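Chemist: So here's final_18.txt (compact mmCIF, N, CA and C atoms).
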```
# COMPACT_ATOMS: atom_id res chain seq x y z
N MET G 1 90.31 77.26 100.86
CA MET G 1 90.74 78.33 101.74
C MET G 1 89.75 79.49 101.60
N LYS G 2 89.36 80.07 102.73
CA LYS G 2 88.47 81.22 102.74
C LYS G 2 89.17 82.39 103.42
N ILE G 3 89.08 83.55 102.77
CA ILE G 3 89.69 84.77 103.27
C ILE G 3 88.58 85.80 103.48
N ALA G 4 88.57 86.47 104.61
CA ALA G 4 87.63 87.56 104.87
C ALA G 4 88.37 88.88 104.69
N ILE G 5 87.74 89.81 103.99
CA ILE G 5 88.35 91.12 103.74
C ILE G 5 87.40 92.19 104.27
N ALA G 6 87.88 93.01 105.19
CA ALA G 6 87.09 94.14 105.71
C ALA G 6 87.06 95.21 104.64
N THR G 7 85.87 95.62 104.21
CA THR G 7 85.75 96.57 103.11
C THR G 7 84.84 97.75 103.45
N SER G 8 84.98 98.81 102.67
CA SER G 8 84.16 100.01 102.86
C SER G 8 82.79 99.87 102.19
N GLY G 9 82.66 98.96 101.25
CA GLY G 9 81.40 98.77 100.52
C GLY G 9 81.18 97.32 100.18
N ASN G 10 80.12 97.06 99.44
CA ASN G 10 79.77 95.66 99.14
C ASN G 10 80.00 95.27 97.68
N ILE G 11 81.05 95.86 97.09
CA ILE G 11 81.48 95.48 95.74
C ILE G 11 82.99 95.26 95.76
N LEU G 12 83.48 94.53 94.76
CA LEU G 12 84.91 94.19 94.73
C LEU G 12 85.82 95.40 94.57
N LYS G 13 85.31 96.50 94.03
CA LYS G 13 86.11 97.71 93.88
C LYS G 13 86.19 98.52 95.17
N SER G 14 85.53 98.05 96.22
CA SER G 14 85.57 98.74 97.52
C SER G 14 86.96 98.64 98.12
N SER G 15 87.37 99.71 98.78
CA SER G 15 88.69 99.69 99.42
C SER G 15 88.64 98.90 100.72
N ILE G 16 89.80 98.43 101.12
CA ILE G 16 89.92 97.72 102.40
C ILE G 16 89.72 98.74 103.51
N SER G 17 88.97 98.36 104.52
CA SER G 17 88.75 99.24 105.66
C SER G 17 90.03 99.44 106.45
N GLU G 18 90.19 100.64 106.97
CA GLU G 18 91.37 100.93 107.76
C GLU G 18 91.37 100.18 109.08
N HIS G 19 90.20 99.83 109.60
CA HIS G 19 90.11 99.12 110.87
C HIS G 19 89.08 98.01 110.77
N PHE G 20 89.43 96.82 111.20
CA PHE G 20 88.57 95.65 111.10
C PHE G 20 87.19 95.89 111.73
N GLY G 21 87.16 96.37 112.95
CA GLY G 21 85.91 96.52 113.68
C GLY G 21 85.02 97.64 113.18
N ARG G 22 85.57 98.60 112.47
CA ARG G 22 84.78 99.72 111.96
C ARG G 22 84.43 99.57 110.49
N SER G 23 84.67 98.40 109.97
CA SER G 23 84.37 98.13 108.57
C SER G 23 82.86 98.18 108.32
N ASN G 24 82.47 98.70 107.16
CA ASN G 24 81.05 98.69 106.79
C ASN G 24 80.60 97.29 106.38
N TYR G 25 81.46 96.60 105.64
CA TYR G 25 81.13 95.28 105.10
C TYR G 25 82.33 94.35 105.24
N TYR G 26 82.05 93.07 105.04
CA TYR G 26 83.10 92.06 104.95
C TYR G 26 82.84 91.25 103.68
N CYS G 27 83.90 90.96 102.98
CA CYS G 27 83.84 90.10 101.80
C CYS G 27 84.51 88.79 102.17
N ILE G 28 83.82 87.69 101.94
CA ILE G 28 84.44 86.39 102.13
C ILE G 28 84.72 85.82 100.75
N TYR G 29 85.99 85.56 100.51
CA TYR G 29 86.43 84.99 99.24
C TYR G 29 86.79 83.54 99.46
N ASN G 30 86.16 82.66 98.69
CA ASN G 30 86.46 81.23 98.74
C ASN G 30 87.39 80.91 97.58
N ALA G 31 88.64 80.65 97.88
CA ALA G 31 89.65 80.39 96.84
C ALA G 31 89.40 79.07 96.12
N ASP G 32 88.70 78.13 96.75
CA ASP G 32 88.44 76.84 96.11
C ASP G 32 87.49 76.96 94.92
N ASN G 33 86.45 77.76 95.06
CA ASN G 33 85.49 77.90 93.95
C ASN G 33 85.44 79.33 93.40
N GLN G 34 86.29 80.21 93.90
CA GLN G 34 86.44 81.60 93.47
C GLN G 34 85.15 82.41 93.61
N GLU G 35 84.35 82.09 94.61
CA GLU G 35 83.12 82.84 94.87
C GLU G 35 83.37 83.88 95.96
N THR G 36 82.63 84.99 95.88
CA THR G 36 82.69 86.02 96.90
C THR G 36 81.29 86.24 97.47
N ASP G 37 81.26 86.60 98.73
CA ASP G 37 80.00 86.88 99.41
C ASP G 37 80.24 88.06 100.34
N PHE G 38 79.39 89.09 100.24
CA PHE G 38 79.50 90.26 101.09
C PHE G 38 78.40 90.24 102.15
N PHE G 39 78.73 90.72 103.33
CA PHE G 39 77.70 90.92 104.34
C PHE G 39 78.04 92.15 105.17
N GLU G 40 77.00 92.81 105.65
CA GLU G 40 77.18 94.03 106.43
C GLU G 40 77.72 93.70 107.82
N ASN G 41 78.61 94.53 108.30
CA ASN G 41 79.16 94.37 109.64
C ASN G 41 78.04 94.59 110.66
N PRO G 42 77.68 93.57 111.44
CA PRO G 42 76.59 93.74 112.41
C PRO G 42 76.89 94.79 113.47
N ILE G 43 78.14 95.05 113.74
CA ILE G 43 78.53 96.05 114.74
C ILE G 43 78.27 97.46 114.21
N PHE G 44 78.31 97.64 112.90
CA PHE G 44 78.13 98.95 112.29
C PHE G 44 76.78 99.56 112.69
N GLN G 45 75.73 98.75 112.72
CA GLN G 45 74.40 99.23 113.10
C GLN G 45 74.14 99.11 114.59
N ASN G 46 74.92 98.31 115.29
CA ASN G 46 74.69 98.05 116.71
C ASN G 46 76.03 98.06 117.46
N PRO G 47 76.58 99.26 117.71
CA PRO G 47 77.93 99.36 118.29
C PRO G 47 78.08 98.75 119.68
N GLU G 48 76.97 98.44 120.35
CA GLU G 48 77.06 97.84 121.68
C GLU G 48 77.44 96.36 121.62
N MET G 49 77.30 95.76 120.44
CA MET G 49 77.61 94.34 120.28
C MET G 49 79.11 94.10 120.47
N ASP G 50 79.43 92.91 120.91
CA ASP G 50 80.82 92.50 121.07
C ASP G 50 81.39 92.15 119.69
N MET G 51 82.58 92.65 119.39
CA MET G 51 83.23 92.40 118.10
C MET G 51 83.42 90.91 117.84
N CYS G 52 83.50 90.13 118.89
CA CYS G 52 83.73 88.70 118.72
C CYS G 52 82.53 88.01 118.08
N VAL G 53 81.37 88.65 118.05
CA VAL G 53 80.22 88.09 117.33
C VAL G 53 80.58 87.94 115.85
N THR G 54 81.22 88.95 115.30
CA THR G 54 81.67 88.87 113.91
C THR G 54 82.75 87.81 113.78
N GLY G 55 83.64 87.74 114.73
CA GLY G 55 84.68 86.71 114.72
C GLY G 55 84.09 85.32 114.71
N GLU G 56 83.03 85.10 115.47
CA GLU G 56 82.35 83.80 115.50
C GLU G 56 81.80 83.44 114.13
N TYR G 57 81.27 84.44 113.43
CA TYR G 57 80.74 84.20 112.08
C TYR G 57 81.85 83.67 111.17
N PHE G 58 83.03 84.26 111.27
CA PHE G 58 84.16 83.82 110.44
C PHE G 58 84.61 82.41 110.80
N VAL G 59 84.60 82.10 112.08
CA VAL G 59 84.95 80.75 112.53
C VAL G 59 83.93 79.76 111.97
N ASP G 60 82.64 80.08 112.06
CA ASP G 60 81.59 79.21 111.53
C ASP G 60 81.73 78.99 110.02
N LYS G 61 82.18 80.02 109.31
CA LYS G 61 82.35 79.93 107.85
C LYS G 61 83.70 79.32 107.46
N LYS G 62 84.49 78.93 108.46
CA LYS G 62 85.80 78.31 108.25
C LYS G 62 86.79 79.22 107.52
N VAL G 63 86.77 80.50 107.88
CA VAL G 63 87.72 81.48 107.34
C VAL G 63 89.09 81.21 107.97
N THR G 64 90.13 81.22 107.14
CA THR G 64 91.48 80.94 107.64
C THR G 64 92.34 82.19 107.76
N ALA G 65 91.93 83.29 107.12
CA ALA G 65 92.69 84.54 107.19
C ALA G 65 91.74 85.72 107.03
N VAL G 66 92.11 86.84 107.66
CA VAL G 66 91.31 88.06 107.61
C VAL G 66 92.23 89.21 107.21
N VAL G 67 91.76 90.07 106.30
CA VAL G 67 92.54 91.21 105.83
C VAL G 67 91.85 92.51 106.26
N ALA G 68 92.62 93.41 106.87
CA ALA G 68 92.13 94.74 107.25
C ALA G 68 93.33 95.65 107.44
N GLY G 69 93.08 96.96 107.51
CA GLY G 69 94.17 97.91 107.74
C GLY G 69 94.83 97.72 109.09
N ARG G 70 94.01 97.43 110.11
CA ARG G 70 94.52 97.11 111.44
C ARG G 70 93.43 96.41 112.24
N PHE G 71 93.81 95.87 113.39
CA PHE G 71 92.91 95.09 114.24
C PHE G 71 93.02 95.58 115.67
N GLY G 72 91.92 95.52 116.40
CA GLY G 72 91.92 95.86 117.82
C GLY G 72 92.44 94.70 118.66
N ALA G 73 92.83 95.01 119.89
CA ALA G 73 93.45 94.02 120.77
C ALA G 73 92.54 92.83 121.05
N LYS G 74 91.26 93.08 121.27
CA LYS G 74 90.34 91.99 121.62
C LYS G 74 90.16 91.00 120.47
N ILE G 75 90.01 91.52 119.25
CA ILE G 75 89.80 90.62 118.11
C ILE G 75 91.12 89.93 117.74
N ILE G 76 92.25 90.59 117.97
CA ILE G 76 93.55 89.93 117.74
C ILE G 76 93.66 88.69 118.62
N GLU G 77 93.35 88.85 119.88
CA GLU G 77 93.40 87.71 120.81
C GLU G 77 92.43 86.62 120.36
N TYR G 78 91.23 87.02 119.97
CA TYR G 78 90.21 86.06 119.53
C TYR G 78 90.70 85.25 118.33
N PHE G 79 91.22 85.94 117.32
CA PHE G 79 91.69 85.25 116.11
C PHE G 79 92.93 84.39 116.40
N ARG G 80 93.84 84.87 117.22
CA ARG G 80 95.03 84.08 117.55
C ARG G 80 94.66 82.77 118.23
N GLU G 81 93.71 82.83 119.15
CA GLU G 81 93.27 81.62 119.85
C GLU G 81 92.65 80.60 118.90
N ARG G 82 92.16 81.07 117.76
CA ARG G 82 91.49 80.19 116.80
C ARG G 82 92.33 79.96 115.54
N ASN G 83 93.59 80.36 115.60
CA ASN G 83 94.54 80.17 114.49
C ASN G 83 94.05 80.78 113.18
N ILE G 84 93.43 81.95 113.27
CA ILE G 84 93.03 82.68 112.07
C ILE G 84 94.09 83.75 111.83
N GLN G 85 94.69 83.71 110.65
CA GLN G 85 95.76 84.63 110.31
C GLN G 85 95.19 86.02 110.06
N MET G 86 95.89 87.05 110.53
CA MET G 86 95.50 88.44 110.29
C MET G 86 96.53 89.07 109.35
N ILE G 87 96.05 89.70 108.29
CA ILE G 87 96.92 90.29 107.29
C ILE G 87 96.62 91.79 107.22
N MET G 88 97.67 92.60 107.33
CA MET G 88 97.54 94.05 107.23
C MET G 88 98.42 94.52 106.08
N PRO G 89 97.83 94.80 104.92
CA PRO G 89 98.65 95.25 103.78
C PRO G 89 99.36 96.57 104.09
N GLU G 90 100.52 96.75 103.47
CA GLU G 90 101.28 97.98 103.68
C GLU G 90 100.52 99.21 103.20
N LYS G 91 99.80 99.05 102.09
CA LYS G 91 98.98 100.16 101.60
C LYS G 91 97.56 99.63 101.39
N LEU G 92 96.60 100.50 101.58
CA LEU G 92 95.22 100.08 101.41
C LEU G 92 94.92 99.81 99.94
N ARG G 93 94.29 98.71 99.70
CA ARG G 93 93.97 98.27 98.35
C ARG G 93 92.48 98.01 98.28
N THR G 94 92.02 97.53 97.13
CA THR G 94 90.62 97.13 97.00
C THR G 94 90.50 95.64 97.30
N ALA G 95 89.28 95.20 97.52
CA ALA G 95 89.04 93.77 97.74
C ALA G 95 89.50 92.99 96.52
N LYS G 96 89.24 93.53 95.33
CA LYS G 96 89.65 92.86 94.10
C LYS G 96 91.16 92.71 94.02
N ASP G 97 91.91 93.72 94.44
CA ASP G 97 93.37 93.65 94.45
C ASP G 97 93.85 92.48 95.32
N ILE G 98 93.26 92.36 96.49
CA ILE G 98 93.65 91.29 97.41
C ILE G 98 93.32 89.93 96.81
N ILE G 99 92.14 89.80 96.25
CA ILE G 99 91.73 88.52 95.64
C ILE G 99 92.67 88.16 94.50
N ASN G 100 93.04 89.14 93.68
CA ASN G 100 93.98 88.86 92.57
C ASN G 100 95.34 88.42 93.07
N LEU G 101 95.77 88.92 94.23
CA LEU G 101 97.04 88.49 94.81
C LEU G 101 96.96 87.04 95.29
N ILE G 102 95.79 86.62 95.70
CA ILE G 102 95.59 85.25 96.21
C ILE G 102 95.55 84.24 95.08
N LYS G 103 94.96 84.61 93.96
CA LYS G 103 94.77 83.67 92.84
C LYS G 103 96.06 83.10 92.33
```
Just give me the structure of the file as structure tokens.

Modeler:
Amino acid sequence: MKIAIATSGNILKSSISEHFGRSNYYCIYNADNQETDFFENPIFQNPEMDMCVTGEYFVDKKVTAVVAGRFGAKIIEYFRERNIQMIMPEKLRTAKDIINLIK
């Protein structure tokens, strides 16, 4: 299982971003081998890009769930069509907090 977490930075102590599309980075956590990989949000440097470009990356990486403070309507529709679960924690946590909850 792979989980993507929208984060403010590229370390596990980074807080979860309040909004999926405005996230600085994304952390992909692979629960099978417990590895993490961070990458910069391509939209952050190029706001004209379609948010679904990032969604396609998650589909290609076989991500099954995404964690963020909230999601926009377009990406919600995109993820729903592809059966990717969206998780919005009640309070903002760090990427490490979310990973520890999954373990």

Chemist: Can you work out which one of G:Val59, G:Asn46, G:Val67, G:Met1 has the shortest atom-to-atom distance to G:Tyr26, counting only C-alpha atoms?

Modeler: G:Val67

Chemist: For a quick check of understanding, using only N, CA and C atoms, which of G:Asn41, G:Thr36, G:Asn10, G:Glu90 has the smallest distance to G:Thr54?

Modeler: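 Between G:Asn41, G:Thr36, G:Asn10, G:Glu90, the residue approaching G:Thr54 most closely is G:Asn41.
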
Chemist: Considering only C-alpha atoms, return as a PyMOL selection string whatever protein or nucleic-acid residues lie within 10 Å of G:Val63, sequence-local ones (same chain, fewer than 5 positions apart) excluded.

Modeler: chain G and resi 1-4+28-30+55+57-58+83-85

Chemist: How close does each residue of stretch 8-58 of chain G get to stretch 68-75 of chain G, giving the shortest atom pair and distance in Å to one decimal for every residue with an atom at most 6 Å away, counting all atoms listed in the file, sorted by chain and residue number, as CSV?

Modeler:
```
residue,atom,partner,partner_atom,distance
G:Ile16,C,G:Gly69,N,5.5
G:Ser17,C,G:Gly69,N,4.1
G:Glu18,C,G:Gly69,CA,3.8
G:His19,CA,G:Arg70,N,4.3
G:Phe20,N,G:Arg70,C,4.2
G:Gly21,N,G:Gly72,N,5.9
```

Chemist: Quick one, how far is atom CA of G:Ile98 from atom CA of G:Lys61?

Modeler: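 Those two atoms sit 19.1 Å apart.
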
Chemist: Which distance in Å separates atom CA of G:Phe79 and atom CA of G:Thr94, to one decimal?

Modeler: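 Atom CA of G:Thr94 lies 22.5 Å from atom CA of G:Phe79.
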
Chemist: Identify, on the basis of only N, CA and C atoms, every residue whose closest approach to G:Ala95 does not exceed 6.5 Å; exclude the query and any residue fewer than 3 positions from it along the same chain; express the result as a list of chain:residue names.

Modeler: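 My list of contacting residues is G:Leu12, G:Lys13, G:Ser14, G:Ser15, G:Ile16, G:Ile98, G:Ile99, G:Asn100.
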
Chemist: Store the residues picked out above, limited to N, CA and C atoms, as a PDB file, keeping the file's coordinate frame.

Modeler:
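This went into part.pdb:
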```
ATOM      1  N   LEU G  12      83.480  94.530  94.760  1.00  0.00           N
ATOM      2  CA  LEU G  12      84.910  94.190  94.730  1.00  0.00           C
ATOM      3  C   LEU G  12      85.820  95.400  94.570  1.00  0.00           C
ATOM      4  N   LYS G  13      85.310  96.500  94.030  1.00  0.00           N
ATOM      5  CA  LYS G  13      86.110  97.710  93.880  1.00  0.00           C
ATOM      6  C   LYS G  13      86.190  98.520  95.170  1.00  0.00           C
ATOM      7  N   SER G  14      85.530  98.050  96.220  1.00  0.00           N
ATOM      8  CA  SER G  14      85.570  98.740  97.520  1.00  0.00           C
ATOM      9  C   SER G  14      86.960  98.640  98.120  1.00  0.00           C
ATOM     10  N   SER G  15      87.370  99.710  98.780  1.00  0.00           N
ATOM     11  CA  SER G  15      88.690  99.690  99.420  1.00  0.00           C
ATOM     12  C   SER G  15      88.640  98.900 100.720  1.00  0.00           C
ATOM     13  N   ILE G  16      89.800  98.430 101.120  1.00  0.00           N
ATOM     14  CA  ILE G  16      89.920  97.720 102.400  1.00  0.00           C
ATOM     15  C   ILE G  16      89.720  98.740 103.510  1.00  0.00           C
ATOM     16  N   ILE G  98      93.260  92.360  96.490  1.00  0.00           N
ATOM     17  CA  ILE G  98      93.650  91.290  97.410  1.00  0.00           C
ATOM     18  C   ILE G  98      93.320  89.930  96.810  1.00  0.00           C
ATOM     19  N   ILE G  99      92.140  89.800  96.250  1.00  0.00           N
ATOM     20  CA  ILE G  99      91.730  88.520  95.640  1.00  0.00           C
ATOM     21  C   ILE G  99      92.670  88.160  94.500  1.00  0.00           C
ATOM     22  N   ASN G 100      93.040  89.140  93.680  1.00  0.00           N
ATOM     23  CA  ASN G 100      93.980  88.860  92.570  1.00  0.00           C
ATOM     24  C   ASN G 100      95.340  88.420  93.070  1.00  0.00           C
TER      25      ASN G 100
END
```

Chemist: For a quick check of understanding, using all atoms listed in the file, which of G:Gly9, G:Val53, G:Arg22, G:Glu77 has the smallest distance to G:Phe39?

Modeler: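 Looking at the shortest contact to G:Phe39, the residue is G:Gly9.
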
Chemist: As an exercise, work out the distance from atom C of G:Thr7 to atom C of G:Arg80 in Å and give it to one decimal place.

Modeler: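 Between atom C of G:Thr7 and atom C of G:Arg80 the gap works out to 23.2 Å.
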